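Here is the structure we will look at, set down as structure tokens.
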Amino acid sequence: GVSLVGFYSGTIVLFMNTYAAEVALDHQKQLFGGGIGFSVRIGLFIAYFAGIWLNFRWLAVLGLILTCVFCFLVIINPVSPVWYIQHGMDERAKSILHYLHGKDFDTDSETERIKGKTLSRKIRWIEGIKALKHWSVSKPIVFMIGIAFLKEFGGHEGMVSFSSHILEN
């Protein structure tokens, strides 16, 4: 259960930041990005606070239930208009933009703006892949993945959260 919740935490941070960056208008991106980080911190606070009344097994079950709810909500979430534009489905992207931003939203200019950003993003992606050949670029990535692996499988959050229960027994 704890491994699944850890996987869920990493997935939600990756998914929500990417989705917010693709869906939000330029003047909304800071609000969405900050809101996601704030929500993660509130969720951690609630989990620590719930640890007063629940033991670690029930907290794992609660985390598993929330993970399942998140997976369901991801499935029913509308696809990003950026994805539709990248695959040549401009009309579907415009309908998603209308759904997200309202009927009187100018979808034509937003579609053109997304097309321009998508082209420059593809160019940056190719340049980024080429840059991975240099150790000065790939070393921080390897270091970050190693720390993330140790964080998820080290169990330090569980140790800190339930240290009083562990020390009692």
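Ordered as shown in the structure tokens, chains take letters A, B, and onward, while each chain numbers its residues from 1 and ligands are numbered from 1 in the order shown.
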
Residues within 10 Å of Trp83 of chain A, only C-alpha atoms, excluding chain neighbours under 4 positions, as a PDB file with C-alpha atoms, in the first residue's frame:
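selection30.pdb was written with the following content:
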ATOM      1  CA  GLU A  22      -0.943  22.840 -20.907  1.00  0.00           C
ATOM      2  CA  VAL A  79      -7.569  15.394 -22.731  1.00  0.00           C
ATOM      3  CA  HIS A  87      -2.084  15.088 -33.376  1.00  0.00           C
ATOM      4  CA  GLY A  88      -3.872  17.322 -35.903  1.00  0.00           C
ATOM      5  CA  MET A  89      -7.291  17.366 -34.211  1.00  0.00           C
ATOM      6  CA  ASP A  90      -7.780  21.132 -34.035  1.00  0.00           C
ATOM      7  CA  ALA A  93      -8.963  20.942 -29.212  1.00  0.00           C
ATOM      8  CA  ILE A 114      -0.391  26.490 -28.904  1.00  0.00           C
ATOM      9  CA  THR A 118       4.392  23.097 -29.813  1.00  0.00           C
TER      10      THR A 118
END

TODO: Please provide the set of residues having any atom within 10 Å of segment 74-76 of chain A, restricted to only C-alpha atoms, with same-chain residues fewer than 5 positions apart removed, written as a list in words.
DONE: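 In the requested format, the answer is Ile12, Phe15, Met16, Cys68 and Val69 of chain A.
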
Output N, CA and C atoms of each residue in that selection to a file, as a compact mmCIF listing (two decimals), in the first residue's frame.
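The result, written out as again-v7.txt:
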# COMPACT_ATOMS: atom_id res chain seq x y z
N ILE A 12 1.08 12.09 -9.41
CA ILE A 12 0.21 13.26 -9.33
C ILE A 12 1.01 14.55 -9.51
N PHE A 15 1.85 14.59 -13.30
CA PHE A 15 0.66 14.75 -14.12
C PHE A 15 0.03 16.13 -13.94
N MET A 16 -0.17 16.55 -12.72
CA MET A 16 -0.89 17.80 -12.48
C MET A 16 -0.10 19.02 -12.95
N CYS A 68 -7.07 5.38 -5.59
CA CYS A 68 -8.08 4.85 -6.52
C CYS A 68 -9.00 5.96 -7.02
N VAL A 69 -9.40 6.88 -6.12
CA VAL A 69 -10.23 8.01 -6.53
C VAL A 69 -9.48 8.87 -7.54

- [ ] Write out as a ChimeraX atom specification each polymer residue whose atoms come within 12 Å of Ile85 of chain A, counting only C-alpha atoms; drop sequence neighbours fewer than 6 positions from it.
- [x] /A:22,79,91-97,107-108,110-119

Please produce a file of those selected residues containing N, CA and C atoms, as a PDB file, in the first residue's frame.
ATOM      1  N   GLU A  22      -0.367  22.924 -19.573  1.00  0.00           N
ATOM      2  CA  GLU A  22      -0.943  22.840 -20.907  1.00  0.00           C
ATOM      3  C   GLU A  22      -2.342  23.447 -20.985  1.00  0.00           C
ATOM      4  N   VAL A  79      -8.922  15.437 -22.181  1.00  0.00           N
ATOM      5  CA  VAL A  79      -7.569  15.394 -22.731  1.00  0.00           C
ATOM      6  C   VAL A  79      -7.102  16.823 -22.981  1.00  0.00           C
ATOM      7  N   GLU A  91     -10.195  20.815 -34.247  1.00  0.00           N
ATOM      8  CA  GLU A  91     -11.595  21.046 -33.855  1.00  0.00           C
ATOM      9  C   GLU A  91     -11.892  20.461 -32.475  1.00  0.00           C
ATOM     10  N   ARG A  92     -11.343  19.293 -32.213  1.00  0.00           N
ATOM     11  CA  ARG A  92     -11.529  18.681 -30.885  1.00  0.00           C
ATOM     12  C   ARG A  92     -10.828  19.530 -29.817  1.00  0.00           C
ATOM     13  N   ALA A  93      -9.671  20.073 -30.147  1.00  0.00           N
ATOM     14  CA  ALA A  93      -8.963  20.942 -29.212  1.00  0.00           C
ATOM     15  C   ALA A  93      -9.778  22.195 -28.925  1.00  0.00           C
ATOM     16  N   LYS A  94     -10.412  22.758 -29.955  1.00  0.00           N
ATOM     17  CA  LYS A  94     -11.239  23.948 -29.753  1.00  0.00           C
ATOM     18  C   LYS A  94     -12.447  23.649 -28.861  1.00  0.00           C
ATOM     19  N   SER A  95     -13.033  22.470 -29.024  1.00  0.00           N
ATOM     20  CA  SER A  95     -14.170  22.128 -28.156  1.00  0.00           C
ATOM     21  C   SER A  95     -13.723  21.953 -26.700  1.00  0.00           C
ATOM     22  N   ILE A  96     -12.519  21.401 -26.483  1.00  0.00           N
ATOM     23  CA  ILE A  96     -11.994  21.274 -25.120  1.00  0.00           C
ATOM     24  C   ILE A  96     -11.695  22.663 -24.551  1.00  0.00           C
ATOM     25  N   LEU A  97     -11.149  23.554 -25.364  1.00  0.00           N
ATOM     26  CA  LEU A  97     -10.881  24.920 -24.901  1.00  0.00           C
ATOM     27  C   LEU A  97     -12.177  25.632 -24.533  1.00  0.00           C
ATOM     28  N   THR A 107     -10.968  30.681 -29.284  1.00  0.00           N
ATOM     29  CA  THR A 107     -10.200  29.449 -29.441  1.00  0.00           C
ATOM     30  C   THR A 107      -9.244  29.501 -30.621  1.00  0.00           C
ATOM     31  N   ASP A 108      -9.561  30.318 -31.638  1.00  0.00           N
ATOM     32  CA  ASP A 108      -8.687  30.374 -32.820  1.00  0.00           C
ATOM     33  C   ASP A 108      -7.306  30.921 -32.466  1.00  0.00           C
ATOM     34  N   GLU A 110      -5.944  31.055 -29.495  1.00  0.00           N
ATOM     35  CA  GLU A 110      -5.294  30.138 -28.539  1.00  0.00           C
ATOM     36  C   GLU A 110      -4.737  28.918 -29.263  1.00  0.00           C
ATOM     37  N   THR A 111      -5.463  28.420 -30.251  1.00  0.00           N
ATOM     38  CA  THR A 111      -4.984  27.277 -31.037  1.00  0.00           C
ATOM     39  C   THR A 111      -3.705  27.636 -31.791  1.00  0.00           C
ATOM     40  N   GLU A 112      -3.671  28.816 -32.383  1.00  0.00           N
ATOM     41  CA  GLU A 112      -2.468  29.247 -33.092  1.00  0.00           C
ATOM     42  C   GLU A 112      -1.295  29.442 -32.128  1.00  0.00           C
ATOM     43  N   ARG A 113      -1.570  29.976 -30.954  1.00  0.00           N
ATOM     44  CA  ARG A 113      -0.515  30.162 -29.949  1.00  0.00           C
ATOM     45  C   ARG A 113       0.052  28.806 -29.518  1.00  0.00           C
ATOM     46  N   ILE A 114      -0.834  27.834 -29.308  1.00  0.00           N
ATOM     47  CA  ILE A 114      -0.391  26.490 -28.904  1.00  0.00           C
ATOM     48  C   ILE A 114       0.425  25.844 -30.022  1.00  0.00           C
ATOM     49  N   LYS A 115       0.015  26.034 -31.274  1.00  0.00           N
ATOM     50  CA  LYS A 115       0.775  25.471 -32.399  1.00  0.00           C
ATOM     51  C   LYS A 115       2.188  26.042 -32.446  1.00  0.00           C
ATOM     52  N   GLY A 116       2.325  27.341 -32.211  1.00  0.00           N
ATOM     53  CA  GLY A 116       3.649  27.962 -32.193  1.00  0.00           C
ATOM     54  C   GLY A 116       4.511  27.436 -31.059  1.00  0.00           C
ATOM     55  N   LYS A 117       3.920  27.275 -29.890  1.00  0.00           N
ATOM     56  CA  LYS A 117       4.672  26.744 -28.749  1.00  0.00           C
ATOM     57  C   LYS A 117       5.036  25.281 -28.959  1.00  0.00           C
ATOM     58  N   THR A 118       4.138  24.519 -29.580  1.00  0.00           N
ATOM     59  CA  THR A 118       4.392  23.097 -29.813  1.00  0.00           C
ATOM     60  C   THR A 118       5.576  22.903 -30.740  1.00  0.00           C
ATOM     61  N   LEU A 119       5.665  23.717 -31.786  1.00  0.00           N
ATOM     62  CA  LEU A 119       6.788  23.610 -32.711  1.00  0.00           C
ATOM     63  C   LEU A 119       8.103  23.934 -32.013  1.00  0.00           C
TER      64      LEU A 119
END

- [ ] DSSP on the backbone, then: every residue of segment 11-165 of chain A marked alpha helix (DSSP H), written as a ChimeraX atom specification.
- [x] /A:11-23,29-50,56-76,81-86,90-101,107-131,135-154,156-161,163-165
